[in-house]
file query34.txt (compact mmCIF, C-alpha atoms)
# COMPACT_ATOMS: atom_id res chain seq x y z
CA MET A 1 41.36 166.41 113.66
CA ARG A 2 41.51 169.86 112.10
CA ASP A 3 44.05 172.41 113.29
CA THR A 4 41.65 174.86 114.98
CA ARG A 5 41.77 177.01 118.05
CA GLU A 6 39.66 174.52 119.98
CA SER A 7 41.94 171.61 119.07
CA ARG A 8 45.00 173.52 120.18
CA LEU A 9 43.35 174.37 123.54
CA LEU A 10 42.44 170.66 123.97
CA LEU A 11 46.02 169.60 123.29
CA VAL A 12 47.38 172.08 125.82
CA LEU A 13 44.86 170.86 128.37
CA LEU A 14 45.81 167.21 127.85
CA ILE A 15 49.51 167.99 128.21
CA ALA A 16 48.81 169.90 131.44
CA ILE A 17 46.77 167.01 132.84
CA ALA A 18 49.56 164.54 131.88
CA PHE A 19 52.21 166.58 133.73
CA ALA A 20 49.88 166.85 136.73
CA LEU A 21 49.35 163.09 136.84
CA ILE A 22 53.10 162.41 136.52
CA THR A 23 53.77 164.84 139.39
CA VAL A 24 51.13 163.22 141.61
CA ASP A 25 52.43 159.71 140.73
CA ILE A 26 56.03 160.60 141.59
CA ARG A 27 55.12 162.24 144.88
CA GLY A 28 52.74 159.45 145.87
CA GLY A 29 55.30 156.65 145.45
CA GLU A 30 53.77 153.21 146.15
CA ASP A 31 50.56 154.96 147.43
CA SER A 32 50.15 156.83 144.20
CA PRO A 33 46.43 157.37 143.34
CA VAL A 34 47.17 156.46 139.70
CA ASP A 35 48.80 153.13 140.58
CA GLY A 36 45.57 151.27 139.92
CA ALA A 37 45.25 152.86 136.51
CA ARG A 38 48.84 151.99 135.73
CA GLN A 39 48.27 148.34 136.68
CA ALA A 40 45.13 148.26 134.56
CA ALA A 41 47.04 149.65 131.63
CA ALA A 42 49.75 147.04 132.20
CA THR A 43 47.10 144.34 132.21
CA VAL A 44 45.70 145.58 128.93
CA PHE A 45 48.89 146.44 127.07
CA GLY A 46 51.27 143.86 128.66
CA PRO A 47 50.31 140.93 126.42
CA ILE A 48 50.64 143.17 123.38
CA GLU A 49 54.15 144.19 124.46
CA ASP A 50 55.10 140.55 125.06
CA GLY A 51 53.83 139.62 121.64
CA VAL A 52 55.76 142.41 120.01
CA SER A 53 58.82 141.43 122.03
CA SER A 54 58.42 137.78 121.04
CA ALA A 55 58.11 138.83 117.43
CA VAL A 56 61.16 141.06 117.58
CA ASP A 57 63.47 138.88 119.70
CA PRO A 58 63.85 136.06 117.12
CA VAL A 59 64.88 138.61 114.58
CA GLY A 60 67.47 140.02 116.95
CA ASN A 61 68.57 136.54 117.92
CA ALA A 62 68.83 135.55 114.29
CA ILE A 63 70.93 138.61 113.51
CA GLN A 64 73.18 137.85 116.48
CA ALA A 65 73.37 134.22 115.44
CA VAL A 66 74.45 135.26 111.98
CA LYS A 67 77.09 137.52 113.49
CA ASP A 68 78.29 134.73 115.81
CA SER A 69 78.20 132.26 112.94
CA GLY A 70 80.40 134.54 110.89
CA GLU A 71 82.84 134.87 113.76
CA ARG A 72 82.85 131.10 114.31
CA HIS A 73 83.34 130.55 110.58
CA ASP A 74 86.27 132.95 110.60
CA ARG A 75 87.79 131.14 113.57
CA ILE A 76 87.27 127.73 111.95
CA SER A 77 88.75 128.98 108.69
CA GLN A 78 91.75 130.37 110.54
CA LEU A 79 92.19 127.09 112.42
CA GLU A 80 91.96 125.17 109.16
CA ARG A 81 94.59 127.42 107.60
CA ASP A 82 96.84 127.05 110.62
CA ASN A 83 96.36 123.29 110.56
CA ALA A 84 97.15 123.11 106.84
CA ALA A 85 100.26 125.23 107.34
CA LEU A 86 101.37 123.00 110.21
CA LYS A 87 100.83 119.87 108.14
CA ALA A 88 102.77 121.42 105.26
CA LYS A 89 105.60 122.31 107.62
CA LEU A 90 105.63 118.84 109.12
CA GLY A 91 105.52 117.32 105.66
CA SER A 92 108.40 119.51 104.60
CA ASP A 93 110.32 118.58 107.70
CA ASP A 94 109.66 114.88 107.06
CA ARG A 95 110.91 115.21 103.50
CA ASN A 96 113.95 117.15 104.64
CA ARG A 97 114.69 114.48 107.21
CA SER A 98 114.29 111.81 104.52
CA ARG A 99 116.67 113.66 102.21
CA LEU A 100 119.20 114.14 104.96
CA LYS A 101 119.04 110.42 105.66
CA GLN A 102 119.56 109.65 101.95
CA LEU A 103 122.48 112.06 101.73
CA ASP A 104 124.01 110.50 104.81
CA LYS A 105 123.83 107.04 103.21
CA ILE A 106 125.31 108.36 99.95
CA LEU A 107 128.20 109.96 101.83
CA LYS A 108 128.85 106.71 103.69
CA THR A 109 128.82 104.79 100.40
CA ALA A 110 131.16 107.34 98.81
CA GLY A 111 133.43 107.19 101.84
CA ALA A 112 133.59 103.39 101.80
CA GLY A 113 134.43 103.32 98.09
CA GLN A 114 136.55 106.48 98.08
CA TYR A 115 134.36 107.94 95.34
CA GLY A 116 134.30 111.66 94.61
CA ILE A 117 130.64 112.45 94.05
CA LYS A 118 128.39 115.31 93.04
CA GLY A 119 124.98 115.25 94.73
CA ALA A 120 121.87 115.80 92.62
CA GLU A 121 118.11 115.60 92.89
CA VAL A 122 115.83 113.66 90.56
CA ILE A 123 113.52 116.24 88.98
CA ALA A 124 111.84 114.24 86.19
CA ILE A 125 111.08 110.69 85.16
CA GLY A 126 111.24 109.31 81.65
CA ALA A 127 112.79 110.66 78.51
CA ALA A 128 111.62 112.24 75.29
CA GLN A 129 112.76 109.25 73.27
CA GLY A 130 111.06 105.84 73.48
CA PHE A 131 110.08 104.15 76.69
CA SER A 132 113.50 104.07 78.31
CA TRP A 133 113.88 103.80 82.06
CA THR A 134 115.51 107.17 82.65
CA VAL A 135 115.44 110.06 85.07
CA THR A 136 116.55 113.68 84.82
CA ILE A 137 118.71 115.19 87.56
CA ASP A 138 119.33 118.84 88.41
CA ALA A 139 123.08 118.80 87.76
CA GLY A 140 124.92 119.12 84.46
CA ALA A 141 128.04 120.29 82.69
CA ASN A 142 128.29 123.37 84.90
CA ASP A 143 128.64 121.00 87.86
CA GLY A 144 131.40 118.94 86.26
CA LEU A 145 129.21 116.14 84.93
CA LYS A 146 130.12 114.29 81.74
CA ARG A 147 128.63 111.51 79.68
CA ASP A 148 129.20 107.93 80.93
CA MET A 149 129.65 108.72 84.58
CA THR A 150 128.44 106.26 87.24
CA VAL A 151 125.35 107.23 89.22
CA LEU A 152 124.65 105.71 92.64
CA ASN A 153 122.76 106.33 95.86
CA GLY A 154 123.09 105.06 99.40
CA ASP A 155 121.86 101.60 98.40
CA GLY A 156 123.92 100.90 95.29
CA LEU A 157 124.09 101.29 91.52
CA VAL A 158 121.45 103.60 90.00
CA GLY A 159 122.71 103.85 86.40
CA ARG A 160 124.93 105.93 84.16
CA VAL A 161 124.82 109.42 82.66
CA THR A 162 123.83 109.41 78.98
CA THR A 163 123.07 113.04 78.10
CA VAL A 164 124.47 116.19 79.70
CA GLY A 165 123.07 119.71 79.48
CA PRO A 166 124.34 122.88 81.16
CA ASN A 167 122.32 122.37 84.33
CA THR A 168 120.63 118.98 83.91
CA ALA A 169 121.54 115.45 82.86
CA THR A 170 119.75 112.26 81.84
CA VAL A 171 120.51 109.02 83.67
CA LEU A 172 119.84 105.61 82.13
CA LEU A 173 118.69 103.39 84.98
CA ALA A 174 120.15 99.92 85.59
CA SER A 175 116.64 98.50 85.13
CA ASP A 176 116.49 99.60 81.48
CA PRO A 177 116.59 96.71 78.96
CA ASP A 178 119.42 98.47 77.09
CA PHE A 179 121.52 98.74 80.23
CA THR A 180 124.48 96.39 80.72
CA VAL A 181 127.14 96.41 83.41
CA GLY A 182 130.03 94.10 84.22
CA THR A 183 129.66 92.44 87.63
CA ARG A 184 131.86 90.56 90.08
CA MET A 185 130.61 88.06 92.61
CA GLU A 186 131.50 88.72 96.24
CA SER A 187 134.29 86.49 97.59
CA THR A 188 134.52 84.14 94.56
CA ASP A 189 135.26 86.96 92.06
CA GLU A 190 133.19 85.21 89.37
CA LEU A 191 132.48 87.65 86.54
CA GLY A 192 129.32 88.28 84.58
CA PHE A 193 127.24 90.83 82.70
CA ALA A 194 124.00 92.17 84.21
CA SER A 195 121.19 93.50 82.03
CA GLY A 196 118.04 95.37 83.02
CA GLN A 197 114.59 93.86 82.68
CA GLY A 198 112.31 96.70 83.65
CA ASP A 199 110.53 95.99 86.90
CA ARG A 200 111.86 92.42 87.01
CA PRO A 201 115.17 91.28 88.56
CA LEU A 202 118.38 91.90 86.65
CA ARG A 203 119.47 89.08 84.35
CA VAL A 204 123.13 88.17 84.77
CA GLU A 205 125.09 85.94 82.40
CA MET A 206 127.99 84.40 84.29
CA LEU A 207 131.13 83.75 82.22
CA ASN A 208 131.79 80.50 84.05
CA GLY A 209 129.00 78.01 83.37
CA LYS A 210 130.20 75.86 86.29
CA ALA A 211 130.44 78.67 88.82
CA LYS A 212 129.10 77.74 92.22
CA ILE A 213 126.43 80.30 92.94
CA LYS A 214 123.60 80.18 95.44
CA LYS A 215 120.66 82.32 96.39
CA GLY A 216 121.71 85.22 98.60
CA ASP A 217 125.13 85.76 97.00
CA ARG A 218 125.95 89.41 96.29
CA LEU A 219 127.38 91.27 93.31
CA VAL A 220 129.25 94.55 92.77
CA THR A 221 130.34 96.39 89.63
CA PHE A 222 133.53 95.07 88.06
CA GLY A 223 134.53 98.46 86.67
CA SER A 224 135.29 99.76 83.20
CA GLN A 225 138.42 100.87 81.40
CA ALA A 226 139.38 104.31 82.68
CA ASP A 227 136.47 103.92 85.16
CA ARG A 228 133.87 104.99 82.62
CA PRO A 229 131.02 104.33 82.48
CA PHE A 230 131.38 102.30 85.69
CA VAL A 231 133.67 102.55 88.65
CA PRO A 232 134.41 99.31 90.53
CA GLY A 233 132.90 98.13 93.79
CA VAL A 234 129.41 99.66 93.61
CA PRO A 235 126.79 97.26 95.07
CA VAL A 236 124.49 95.84 92.38
CA GLY A 237 122.19 93.35 94.06
CA ILE A 238 121.51 89.95 95.63
CA VAL A 239 121.04 86.65 93.77
CA SER A 240 117.37 85.65 93.92
CA ARG A 241 117.35 82.70 91.48
CA VAL A 242 119.90 80.49 89.77
CA ASP A 243 119.14 78.60 86.56
CA PRO A 244 120.63 75.11 86.19
CA SER A 245 123.86 75.22 84.21
CA GLY A 246 122.92 72.41 81.82
CA GLY A 247 126.53 72.15 80.68
CA ASP A 248 126.41 75.53 78.88
CA LEU A 249 129.46 77.74 78.64
CA THR A 250 127.61 80.45 80.57
CA ARG A 251 125.18 80.36 83.45
CA THR A 252 122.16 82.61 83.99
CA ILE A 253 121.24 84.02 87.38
CA TYR A 254 118.70 86.62 88.45
CA VAL A 255 119.57 89.42 90.81
CA THR A 256 117.32 91.65 92.88
CA PRO A 257 118.89 95.13 92.74
CA TYR A 258 119.67 97.01 95.92
CA VAL A 259 118.18 100.19 94.48
CA SER A 260 114.43 100.77 94.28
CA PHE A 261 114.18 102.54 90.93
CA THR A 262 110.64 103.80 91.59
CA LYS A 263 111.69 105.70 94.75
CA LEU A 264 114.65 107.73 93.55
CA ASP A 265 115.06 111.20 95.03
CA VAL A 266 118.66 112.11 95.85
CA VAL A 267 121.56 110.53 93.93
CA GLY A 268 125.29 110.96 93.60
CA VAL A 269 127.27 111.15 90.35
CA VAL A 270 130.82 109.81 90.62
CA VAL A 271 132.99 112.60 89.25
CA ARG A 272 136.23 111.13 90.61
CA ALA A 273 137.02 107.40 90.59
CA PRO A 274 138.74 105.68 93.54
CA ARG A 275 142.51 105.21 93.43
CA GLU A 276 142.12 101.51 94.19
CA ASP A 277 139.35 99.00 93.63
CA PRO A 278 137.33 98.94 96.86
CA ARG A 279 136.41 95.32 96.18
CA ASP A 280 133.62 94.36 98.61
CA GLU A 281 134.10 97.24 101.04
CA VAL A 282 131.01 99.12 99.88
CA LEU A 283 128.63 96.20 100.35
CA PRO A 284 126.39 96.52 103.39
CA PRO A 285 127.06 94.20 106.34
CA LYS A 286 125.55 90.78 105.89
CA PRO A 287 122.42 90.23 107.97
CA LYS A 288 123.02 87.93 110.90
CA PRO A 289 121.18 84.62 110.59
CA THR A 290 118.25 84.24 112.93
CA PRO A 291 119.05 81.49 115.45
CA THR A 292 116.67 78.53 115.46
CA PRO A 293 115.13 78.19 118.90
CA THR A 294 115.68 74.82 120.57
CA VAL A 295 113.41 73.32 123.19
CA THR A 296 114.74 70.94 125.81
CA VAL A 297 112.18 68.65 127.41
CA THR A 298 113.04 67.00 130.72
CA VAL A 299 110.96 63.95 131.71
CA THR A 300 110.92 62.89 135.35
CA PRO A 301 109.81 59.27 135.75
CA SER A 302 107.11 58.51 138.27
CA ALA A 303 108.00 56.61 141.46
CA ASP A 304 105.49 53.88 140.56
CA ALA A 305 106.80 53.47 137.01
CA PRO A 306 109.48 50.77 136.36
CA ALA A 307 112.92 52.06 135.48
CA ASP A 308 113.24 49.69 132.51
CA GLY A 309 111.85 46.53 131.02
CA LEU A 310 114.08 44.24 133.12
CA GLN A 311 112.84 45.64 136.40
CA GLN A 312 109.26 45.24 135.19
CA GLN A 313 109.99 41.56 134.31
CA GLN A 314 111.48 40.93 137.76
CA GLN A 315 108.41 42.39 139.44
CA GLU A 316 106.15 40.14 137.38
CA GLN A 317 108.10 37.02 138.49

call {"tool": "encode", "arguments": {"input": "query34.txt", "output": "structure tokens"}}
result
Amino acid sequence: MRDTRESRLLLVLLIAIAFALITVDIRGGEDSPVDGARQAAATVFGPIEDGVSSAVDPVGNAIQAVKDSGERHDRISQLERDNAALKAKLGSDDRNRSRLKQLDKILKTAGAGQYGIKGAEVIAIGAAQGFSWTVTIDAGANDGLKRDMTVLNGDGLVGRVTTVGPNTATVLLASDPDFTVGTRMESTDELGFASGQGDRPLRVEMLNGKAKIKKGDRLVTFGSQADRPFVPGVPVGIVSRVDPSGGDLTRTIYVTPYVSFTKLDVVGVVVRAPREDPRDEVLPPKPKPTPTPTVTVTVTPSADAPADGLQQQQQEQ
């Protein structure tokens, strides 16, 4: 439509009519004369509005869903982070409890043997040279450590110090094939030399080929001159197999070590030897034998049954 004088007059007229109809509709209330027209318009345009609304609502719902999804994702992520932190804390607490337990056993072992020890943590496995069974600990010369000191834990003999740095040291484990330690049998005092065999039991050559040894006997370290590299009385292991003597001058036995060399964490280095040989004081208490259950069966003879063969014979006569 062109912008002419007639079009402007028509626009003003339409606006005036619209205001008049609105005024009449408001004043008429439910009896408004334009109510029928309004209902007709609703009938015509209602479906269109519903269609537009149906077309728009999914978009709005999708946008809201995306917003809610983001919020839920944030909450899930936060919960996952909190859960991971809690697990880490629990894991740390478990490890701390494990270390405290190990330290407690080491202190009890040191107390029983009157050993002066320096606690250390295993921080590396293996050595730069060869395939030796060694570990590195986080204590060294600055902590008073020296070469050829005995290393133990709460279970028994771990090994000996071979190399010392300012803050670290290398320990040759008792399981290493180059490792040898003098041993003494509990109670009988029979002497021998134990050698490592990797992940197999220690091999012990007894000096007395006729020594009476049985499975389950226990060994401790005999000790070295000036207590280096080994102090006396440290538990070594339990006899698991005894080879027949065969009349040889020596006798070979195999010993399962007390220490699990693949689970080392906290150890103690003996920096001060005991004043006296603790003998067997450091060995753990012997396990009590499990009693064999006995069953007593009581048989009550029947009244009709004969007491013995004689009575049966008399009844037959």

call {"tool": "closest_residue", "arguments": {"input": "query34.txt", "among": "A:Thr150, A:Thr183, A:Ser98, A:Gln114", "to": "Asp227 in chain A", "atoms": "all atoms listed in the file"}}
result
A:Thr150

call {"tool": "atom_distance", "arguments": {"input": "query34.txt", "atom1": "CA of Val239 in chain A", "atom2": "CA of Val255 in chain A"}}
result
4.3 Å

call {"tool": "closest_residue", "arguments": {"input": "query34.txt", "among": "A:Val231, A:Val282, A:Leu172, A:Val242", "to": "Ile125 in chain A", "atoms": "only C-alpha atoms"}}
result
A:Leu172

call {"tool": "atom_distance", "arguments": {"input": "query34.txt", "atom1": "CA of Leu202 in chain A", "atom2": "CA of Tyr254 in chain A"}}
result
5.6 Å

call {"tool": "closest_residue", "arguments": {"input": "query34.txt", "among": "A:Pro278, A:Gly216, A:Gly268, A:Gly144", "to": "Asp104 in chain A", "atoms": "all atoms listed in the file"}}
result
A:Gly268

call {"tool": "residues_around", "arguments": {"input": "query34.txt", "residues": "Phe230 in chain A", "least_positions_apart": "6", "cutoff": "12 Å", "atoms": "all atoms listed in the file", "output": "NGL selection string"}}
result
:A and (115 or 147-152 or 157-161 or 174 or 179-183 or 220-224 or 236 or 269-274 or 277)

call {"tool": "atom_distance", "arguments": {"input": "query34.txt", "atom1": "CA of Thr188 in chain A", "atom2": "CA of Ala112 in chain A"}}
result
20.6 Å

call {"tool": "residues_around", "arguments": {"input": "query34.txt", "residues": "Thr134 in chain A", "least_positions_apart": "3", "cutoff": "6 Å", "atoms": "all atoms listed in the file", "output": "NGL selection string"}}
result
:A and (126 or 171-173)

call {"tool": "residues_around", "arguments": {"input": "query34.txt", "residues": "range 212-215 of chain A", "least_positions_apart": "3", "cutoff": "10 Å", "atoms": "all atoms listed in the file", "output": "list in words"}}
result
Met185, Thr188, Glu190, Met206, Asn208, Gly209, Arg218, Ile238, Val239, Ser240, Arg241, Val242, Asp243, Ser245, Arg251, Ile253, Tyr254 and Val255 of chain A

call {"tool": "closest_residue", "arguments": {"input": "query34.txt", "among": "A:Asp93, A:Asp199, A:Asp265, A:Glu281", "to": "Asp138 in chain A", "atoms": "all atoms listed in the file"}}
result
A:Asp265
